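Working notes, beginning with the structure itself.
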Amino acid sequence: MTFSLTINGVARELDVDADTPVLWALRDELNLTGTKFGCGVAACGACTVHVDGSPERACVLTVEDAVGRDIITIEGIKGRAAEAVRDAWREHDVVQCGYCQSGQIMQAVGLLTETPKPTDEDIDAYMNGNACRCVTYHRIRAAIHTAASKMGA
Amino acid sequence: MNIQVSRRGFLASAAATALVIGYDARGALAAQKLQSLSVNPFVLIGADGTVTVVAKHFEMGQGTTTGLATLVAEELDADWSQIRVEWAPADESRYANLLFGSQGTGGSSAIANSFEQYRKAGAAARAVLIEAAAKQWGVAPASITIETGVMRGPDGRTAGFGAFIDAASSLSAPAEPVLKNPSDFRLIGKDRLPRYDSKAKTDGSAKFAIDLRVDNMVYAVIARPPRFGGAVASFDPAGALAVKGVLDVKQIPRGVVVFARNTWAAIKGRQALSVEWDFSQAENRSTDAIMAEHVAALEKPGTIARADGDADATLAGAAKTVEAEFKFPFLAHAPMEPENCIIAVDGDRATVWDGCQFPSITRPVVAGTLGIPPENVDVHTVYAGGSFGRRANPTADYNAEAAMAAKALGDGRPVMLVWTREDDIQGGYYRPIYAQRITAGLDEDGKPVAWSHKLAGKSILVDTPFESVLVKDGIDATSVEGASTLPYAIPNIKVDIRNMKTPVPVLWWRAVGHTHTAYSTEIVIDMLAEAAGADPVAFRMDLLKEHPRHAGVLKLAAEKAGWGEPVAEGKGRGVAVHESFRSYVAQVVDVSTDSDGVVKVDRVVCAVDCGLAVNPDVIRAQMEGGIGYGLGAVMRNKITLTDGAVDQTNFWDYEPLRIADMPKVEVHIVPSAEAPTGVGEPGLPPIGPALANAIHAATGKWVTTLPMVDDGIEFVS
Ligand code: FES
Ligand code: FES
């Protein structure tokens with residue numbers, strides 16, 4: 001079947017099974033490989049994309065359910081929060097292996113969009129589903145605070 | 001956006017050829033203008049002034065690309081923005097790890113073994129560029145300076161590196177160039193440089209093997225035996241073949257492969273496959289039975305790994321003794337990027353794309369599987385999404401599987417093999433199960449006089465190609481490291497090991513043997529301190545007089561943590577110190593407990609002595625990471641088997657440390673001029689025992705079974 005999805009502002013036609021997760025459609029059909037496969041069961045957040053402006057797990061969102069919704073990936077995320085997060089991530093050298101970081105950044109942009117001045121508790125609650133096996137959490141917290149102050153400035 | 005990678009394009013970029021000759025639009029040989037100069041196997045200078053550092057070590061997050069590039073940039077006085085890093089092709093003759101003699105990354109050795117080599121490579125480039133510039137400008141070499149990538153003559157004229165590569169190509173770079181005096185370092189030891197890989201890893205552009213696309217490739221997943229040592233009895237491909245996108249189904253020695261035109265179809269095809277398994281040679285026991293066998297083995301004599309004095313006799317006459325028995329589970333590495341690689345077989349040649357940790361293993365394993373010569377296997381290394389030891393496998397298991405799959409498919413199409421998270425958690429190569437018992441004794445004055453440490457666990461190296469080199473007199477050094485090297489001044493020490501057998505494949509897991517030995521030894525040291533009525537830090541300091549670097553980190557961590565200041569009711573503070581991979585780390589952990597005894601890990605203060613600190617911030621990051629990785633494991637991770645089948649499936653039930661679990665972490669680096677040593681692993685060993693000692697301080701309970709949740713400890717969630 002063919003599904004029409006809006007990815008990073010562009011309409012894309014996909015000829016895949018209805019139950020295909022958006023994750024695999026992005027990666028294997030559209031070559032948007034910045035969105036990562038970590039678990040496939042919404043347990044790690046590596047696949048986080050924005051759907052209608054909010055972070056969602058692309059590994060459990062089917063192509064069928066994504067029709068008509070606005071999907072933004074790490075390749076397409078823009079705006080003040082995204083820029084502040086990316087800059088802060090680089091300032092703090094958050095990344096290690098980097099494999100989880102697309103998801104971390106998409107989730108952090110979601111947090112700052114909803115809560116411009118988050119506390120440590122806000123950060124822990126909002127980011128808790130995004131696993132990092134390299135354990136960069138310490139810096140993620142610091143970078144989110146930095147991003148928040150950049151946005152406030 | 002096009003991220004297709006043609007096979008040829010990839011080959012060209014990884015090859016360190018001395019002369020790249022340009023072709024004009026009609027394909028005719030153009031004027032022989034140099035596009036890049038290969039000064040030596042590690043440094044290429046481009047006509048555009050870029051400096052390409054050829055990294056012989058892969059990047060799994062430990063910061064090696066940054067580290068190796070720092071060494072070259074320092075000696076060459078290059079600007080950081082000029083630097084590119086590429087990974088070396090498989091070639092032991094040029095890119096061997098000087099510690100192993102083969103090409104691979106592990107044992108926290110990347111910077112340690114490359115420190116001189118990459119500095120020399122950068123210094124040689126500097127020397128040859130200066131010589132070329134001196135000739136071209138007609139000035140004395142000594143009158144030329146280089147500052148952040150700009151060469152300056154005595155008359156003030158300036159030029160970039162690219163201007164001299166033609167002239168430099170006819171010169172030979174010195175083999176033993178003069179290195180900078182450490183007091184002149186501008187980059188090494190400073191916090192001036194950002195991580196090389198920060199940018200690509202924050203915009204989605206960094207490429208991991210799972211992100212590569214080779215023309216015409218197919219995706220593959222494998223149905224493997226659900227018990228270790230099992231085999232395929234029979235299978236019916238019909239269900240799988242009925243799934244849209246599934247291309248083929250083939251049996252290989254490791255299971256049944258489903259080939260498809262995308263990953264999702266391959267995963268669905270595997271679900272629809274029916275396979276009958278033969279478990280006659282399999283591990284059919286549960287982990288309870290395996291552990292009981294390990295514990296029972298402690299009663300039998302072991303192979304002696306260390307014997308100072310007479311521990312048994314001294315223990316029999318000791319004034320006081322303490323004893324503890326430890327039980328540790330299998331652990332999966334669970335790197336964030338599940339195992340995967342691409343292989344293309346073309347006649348008697350093969351190309352592998354992988355976040356490849358050990359080209360010197362991948363090459364012969366793939367060659368052996370395909371029946372081709374090892375030198376016909378090219379390996380293209382890309383970023384690896386974590387490893388923690390998983391990718392440095394003596395069997396190169398997933399490379400071998402990919403080769404088997406490509407061979408079974410047999411039509412020359414490249415194969416991308418993908419493991420799902422379930423495959424990873426259930427796929428073996430675990431940190432081995434260990435049972436240990438330590439008995440230690442004090443004399444009348446509270447001085448430790450005897451120590452007996454018994455271990456039982458499966459050796460990682462027995463029955464691998466490394467056995468002949470690394471297993472001596474029945475002792476796999478990695479089983480007893482940290483125990484046989486106990487630094488404390490105790491006159492009578494006995495350490496013995498029992499090598500256990502199980503078909504469950506085991507592997508080094510971040511910090512290897514130290515993951516079980518630091519925990520047991522550092523808890524028993526605290527038990528001895530308690531029995532002696534001594535302060536745990538003072539007690540250790542007294543026994544570490546011959547080990548100033550252990551003592552140095554212990555003192556620093558204790559000071560920074562405010563050791564000795566009163567700790568509030570319900571809170572606890574614990575300490576541990578351990579050397580691994582020639583680096584020394586001490587940690588002080590603070591916990592608090594609520595009225596129900598639920599534990600929260602509040603803070604970790606860490607001190608590390610890894611010799612000269614090349615990139616201090618990378619060192620801090622590795623300490624933070626090692627602490628967190630170890631913390632998650634000791635708190636709640638275990639792999640268990642029921643009748644041979646792995647119980648855990650995914651991150652739901654093998655749950656990584658989460659951000660809300662993460663304590664505050666402070667890292668302090670001991671200033672040092674000693675040769676640099678590793679940091680990828682050494683941050684991990686002390687965290688478990690320091691936490692256990694803090695929990696004991698808060699609750700009075702010694703936690704000797706891991707994970708801690710299985711020993712009655714509850715953590716704030
Ligand atoms: S891959 Fe989607 S949450 Fe893990
Ligand atoms: S940086 Fe490696 S998993 Fe997060």
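Letters A, B, ... mark the chains of the structure tokens in the order given; residue numbers begin at 1 per chain; ligand numbers begin at 1, in order shown.
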Do you know which residues are at most 9 Å from Glu29 of chain A counting only C-alpha atoms, after dropping those on the same chain fewer than 4 positions away, and could you put them as a compact mmCIF listing (two decimals) with C-alpha atoms, in the first residue's frame?
# COMPACT_ATOMS: atom_id res chain seq x y z
CA LEU A 14 5.89 5.22 0.90
CA ASP A 15 5.03 1.84 -0.55
CA VAL A 16 5.24 -0.31 2.58
CA TRP A 24 12.13 1.64 9.57
CA ALA A 25 10.39 3.71 6.93
CA ASN B 262 14.31 -3.97 4.40
Notebook entry, point to check: Can I get the residues close to ligand 1 as a ChimeraX atom specification, where close means within 9 Å and we count only C-alpha atoms and all ligand atoms?
Noted result: /A:23,35-48,56-60,103,129-131 /B:421,651
Go ahead and dump the residues you just picked, C-alpha atoms, as a JSON list (two decimals), in the first residue's frame.
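part_35.json, written as the output of this step:
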[["chain", "number", "residue", "atom", "x", "y", "z"],
["A", 23, "LEU", "CA", 11.49, 4.18, 12.31],
["A", 35, "THR", "CA", 16.88, 8.32, 13.79],
["A", 36, "LYS", "CA", 18.26, 5.22, 15.48],
["A", 37, "PHE", "CA", 17.09, 1.71, 16.25],
["A", 38, "GLY", "CA", 17.84, 0.80, 19.85],
["A", 39, "CYS", "CA", 15.13, -1.53, 21.12],
["A", 40, "GLY", "CA", 12.06, -1.51, 18.87],
["A", 41, "VAL", "CA", 9.70, -1.54, 21.85],
["A", 42, "ALA", "CA", 9.63, 2.06, 23.12],
["A", 43, "ALA", "CA", 12.09, 1.25, 25.90],
["A", 44, "CYS", "CA", 15.12, 3.38, 24.97],
["A", 45, "GLY", "CA", 14.19, 6.54, 23.06],
["A", 46, "ALA", "CA", 16.93, 6.19, 20.41],
["A", 47, "CYS", "CA", 14.23, 6.51, 17.72],
["A", 48, "THR", "CA", 12.63, 9.68, 19.08],
["A", 56, "GLU", "CA", 7.32, 10.22, 20.13],
["A", 57, "ARG", "CA", 8.96, 6.84, 19.64],
["A", 58, "ALA", "CA", 9.13, 6.11, 15.93],
["A", 59, "CYS", "CA", 9.65, 2.39, 16.56],
["A", 60, "VAL", "CA", 6.08, 1.93, 17.79],
["A", 103, "GLY", "CA", 16.95, 10.71, 20.47],
["A", 129, "GLY", "CA", 12.83, 7.06, 28.89],
["A", 130, "ASN", "CA", 15.93, 7.95, 26.88],
["A", 131, "ALA", "CA", 18.57, 5.41, 27.74],
["B", 421, "ARG", "CA", 17.80, -5.84, 20.89],
["B", 651, "PHE", "CA", 15.53, -2.96, 27.91]]
Margin query: Taking only C-alpha atoms and all ligand atoms into account, which residues have an atom no farther than 7 Å from ligand 2? I'd like them as an MDAnalysis selection string.
Written below: (chainID A and resid 95:101 131:136) or (chainID B and resid 61 336 385:386)
Margin query: So that I can see what lies close to segment 431-434 of chain B, please list as an MDAnalysis selection string the residues with an atom at most 9 Å from it, counting only C-alpha atoms and leaving out residues fewer than 4 positions away in the same chain.
Written below: chainID B and resid 287 290:291 294:295 326:333 455:460 504:510 512:513 515:516
Item checked: Test item, helix (DSSP H, G or I) assignment across segment 222-342 of chain B, answer as JSON, numbers by chain -> {"B": [238, 239, 240, 241, 263, 264, 265, 266, 267, 268, 269, 270, 271, 287, 288, 289, 290, 291, 292, 293, 294, 295, 296, 297, 311, 312, 313, 314, 315, 316]}
Margin query: I'd like to know which residues of segment 27-139 of chain A are strand (DSSP E or B) (by DSSP, run on the backbone); could you write them as a PyMOL selection string?
Written below: chain A and resi 48-51+54-57+62+70-72
Can you write out the residues you just picked, keeping N, CA and C atoms, as a short mmCIF file (atom, residue, chain, number, x, y, z; two decimals), in the first residue's frame?
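The resulting file, again-v3.cif, is shown below:
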data_model
loop_
_atom_site.label_atom_id
_atom_site.label_comp_id
_atom_site.auth_asym_id
_atom_site.auth_seq_id
_atom_site.Cartn_x
_atom_site.Cartn_y
_atom_site.Cartn_z
N THR A 48 13.55 8.57 18.84
CA THR A 48 12.63 9.68 19.08
C THR A 48 12.58 10.68 17.92
N VAL A 49 11.38 10.97 17.47
CA VAL A 49 11.14 12.01 16.46
C VAL A 49 10.06 12.93 17.03
N HIS A 50 9.81 14.03 16.37
CA HIS A 50 8.69 14.87 16.78
C HIS A 50 7.50 14.59 15.89
N VAL A 51 6.37 14.35 16.50
CA VAL A 51 5.14 14.14 15.76
C VAL A 51 4.18 15.25 16.20
N SER A 54 5.59 17.08 19.22
CA SER A 54 5.95 16.44 20.49
C SER A 54 6.79 15.18 20.24
N PRO A 55 7.72 14.91 21.17
CA PRO A 55 8.55 13.72 21.00
C PRO A 55 7.72 12.43 21.06
N GLU A 56 7.96 11.55 20.12
CA GLU A 56 7.32 10.22 20.13
C GLU A 56 8.32 9.19 19.67
N ARG A 57 8.05 7.93 20.02
CA ARG A 57 8.96 6.84 19.64
C ARG A 57 8.56 6.30 18.27
N THR A 62 3.14 3.35 13.72
CA THR A 62 3.10 2.74 12.38
C THR A 62 2.91 3.82 11.32
N ASP A 70 2.63 15.60 11.22
CA ASP A 70 3.85 16.31 10.83
C ASP A 70 5.04 15.69 11.56
N ILE A 71 5.90 15.02 10.83
CA ILE A 71 7.03 14.30 11.46
C ILE A 71 8.33 15.04 11.20
N ILE A 72 9.04 15.31 12.28
CA ILE A 72 10.33 15.98 12.17
C ILE A 72 11.40 15.05 12.75
#
Check: Quick one: residues within 10 Å of Thr113 of chain A, only C-alpha atoms counted, chain neighbours fewer than 2 positions away excluded, as an NGL selection string?
Finding: :A and (53-54 or 80-82 or 107-111 or 115-117 or 148)
Note to self: Need to verify the contact set: Gln103 of chain B, 7 Å, only C-alpha atoms, exclusion of same-chain residues closer than 2 positions in sequence. Can you return it as a ChimeraX atom specification?
What the structure shows: /B:92,95-97,101,358-360
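Between atom CA of Asp526 of chain B and atom CA of Lys447 of chain B the interatomic distance comes to 13.0 Å.
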Margin query: My list of candidates is B:Glu116, B:Asp423, B:Glu401, B:Glu530. Which is closest to chain A when distances are computed with only C-alpha atoms?
Written below: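 Closest residue, counting only C-alpha atoms: B:Asp423.
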Next item on the list: Excluding Met1 of chain A and any residue of its chain fewer than 5 positions from it, enumerate the residues within 12 Å of it, using only C-alpha atoms, and give them as a PyMOL selection string.
Entry: (chain A and resi 13-20+63-64) or (chain B and resi 244)
Please produce an output containing N, CA, C and O atoms for each residue in the selection, written as a PDB file, in the first residue's frame.
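Resulting contents of out_7.pdb:
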ATOM      1  N   GLU A  13       5.883   9.731  -0.417  1.00  0.00           N
ATOM      2  CA  GLU A  13       5.048   8.560  -0.682  1.00  0.00           C
ATOM      3  C   GLU A  13       5.833   7.311  -0.285  1.00  0.00           C
ATOM      4  O   GLU A  13       6.983   7.150  -0.678  1.00  0.00           O
ATOM      5  N   LEU A  14       5.187   6.435   0.474  1.00  0.00           N
ATOM      6  CA  LEU A  14       5.889   5.223   0.905  1.00  0.00           C
ATOM      7  C   LEU A  14       5.075   3.996   0.526  1.00  0.00           C
ATOM      8  O   LEU A  14       3.895   3.886   0.893  1.00  0.00           O
ATOM      9  N   ASP A  15       5.710   3.074  -0.172  1.00  0.00           N
ATOM     10  CA  ASP A  15       5.035   1.836  -0.551  1.00  0.00           C
ATOM     11  C   ASP A  15       5.499   0.728   0.398  1.00  0.00           C
ATOM     12  O   ASP A  15       6.462   0.014   0.116  1.00  0.00           O
ATOM     13  N   VAL A  16       4.846   0.667   1.550  1.00  0.00           N
ATOM     14  CA  VAL A  16       5.240  -0.310   2.579  1.00  0.00           C
ATOM     15  C   VAL A  16       3.991  -0.883   3.235  1.00  0.00           C
ATOM     16  O   VAL A  16       2.887  -0.360   3.048  1.00  0.00           O
ATOM     17  N   ASP A  17       4.164  -1.937   4.021  1.00  0.00           N
ATOM     18  CA  ASP A  17       3.037  -2.495   4.785  1.00  0.00           C
ATOM     19  C   ASP A  17       2.541  -1.470   5.801  1.00  0.00           C
ATOM     20  O   ASP A  17       3.330  -0.694   6.341  1.00  0.00           O
ATOM     21  N   ALA A  18       1.253  -1.526   6.069  1.00  0.00           N
ATOM     22  CA  ALA A  18       0.633  -0.563   6.982  1.00  0.00           C
ATOM     23  C   ALA A  18       1.239  -0.609   8.376  1.00  0.00           C
ATOM     24  O   ALA A  18       1.309   0.404   9.080  1.00  0.00           O
ATOM     25  N   ASP A  19       1.721  -1.794   8.790  1.00  0.00           N
ATOM     26  CA  ASP A  19       2.245  -1.921  10.155  1.00  0.00           C
ATOM     27  C   ASP A  19       3.725  -1.567  10.252  1.00  0.00           C
ATOM     28  O   ASP A  19       4.338  -1.731  11.309  1.00  0.00           O
ATOM     29  N   THR A  20       4.308  -1.089   9.171  1.00  0.00           N
ATOM     30  CA  THR A  20       5.729  -0.730   9.216  1.00  0.00           C
ATOM     31  C   THR A  20       5.943   0.434  10.178  1.00  0.00           C
ATOM     32  O   THR A  20       5.309   1.479  10.042  1.00  0.00           O
ATOM     33  N   VAL A  63       3.326   3.478  10.143  1.00  0.00           N
ATOM     34  CA  VAL A  63       3.173   4.372   9.004  1.00  0.00           C
ATOM     35  C   VAL A  63       1.697   4.748   8.828  1.00  0.00           C
ATOM     36  O   VAL A  63       1.361   5.910   8.576  1.00  0.00           O
ATOM     37  N   GLU A  64       0.836   3.774   9.002  1.00  0.00           N
ATOM     38  CA  GLU A  64      -0.603   4.000   8.862  1.00  0.00           C
ATOM     39  C   GLU A  64      -1.083   5.078   9.838  1.00  0.00           C
ATOM     40  O   GLU A  64      -1.834   5.985   9.467  1.00  0.00           O
TER      41      GLU A  64
ATOM     42  N   LYS B 244       5.578  -9.957   2.844  1.00  0.00           N
ATOM     43  CA  LYS B 244       5.959  -9.021   1.784  1.00  0.00           C
ATOM     44  C   LYS B 244       7.362  -8.468   2.049  1.00  0.00           C
ATOM     45  O   LYS B 244       7.642  -8.022   3.160  1.00  0.00           O
TER      46      LYS B 244
END
Next item on the list: Quick one: pull the distance between atom CA of Ala311 of chain B and atom CA of Val577 of chain B, Å, one decimal.
Entry: 23.2 Å
Note to self: Quick check, in Å to one decimal: how far apart do atom CA of Ser102 of chain A and atom CA of Thr119 of chain A lie?
What the structure shows: 22.0 Å
Next item on the list: Would you mind listing what lies within 12 Å of Leu30 of chain A as JSON, numbers by chain, with only C-alpha atoms counted and same-chain residues fewer than 2 positions away left out?
Entry: {"A": [5, 6, 7, 8, 10, 11, 12, 13, 14, 15, 16, 22, 23, 24, 25, 26, 27, 28, 32, 33, 34, 35, 73, 75], "B": [1, 2, 3, 4, 211, 213, 262]}
Item checked: Distance criterion (only C-alpha atoms): nearest to chain B out of A:Ser149, A:Ala143, A:Ile74, A:Met106 ->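 Checking each candidate against chain B, we get A:Ile74 as the closest.
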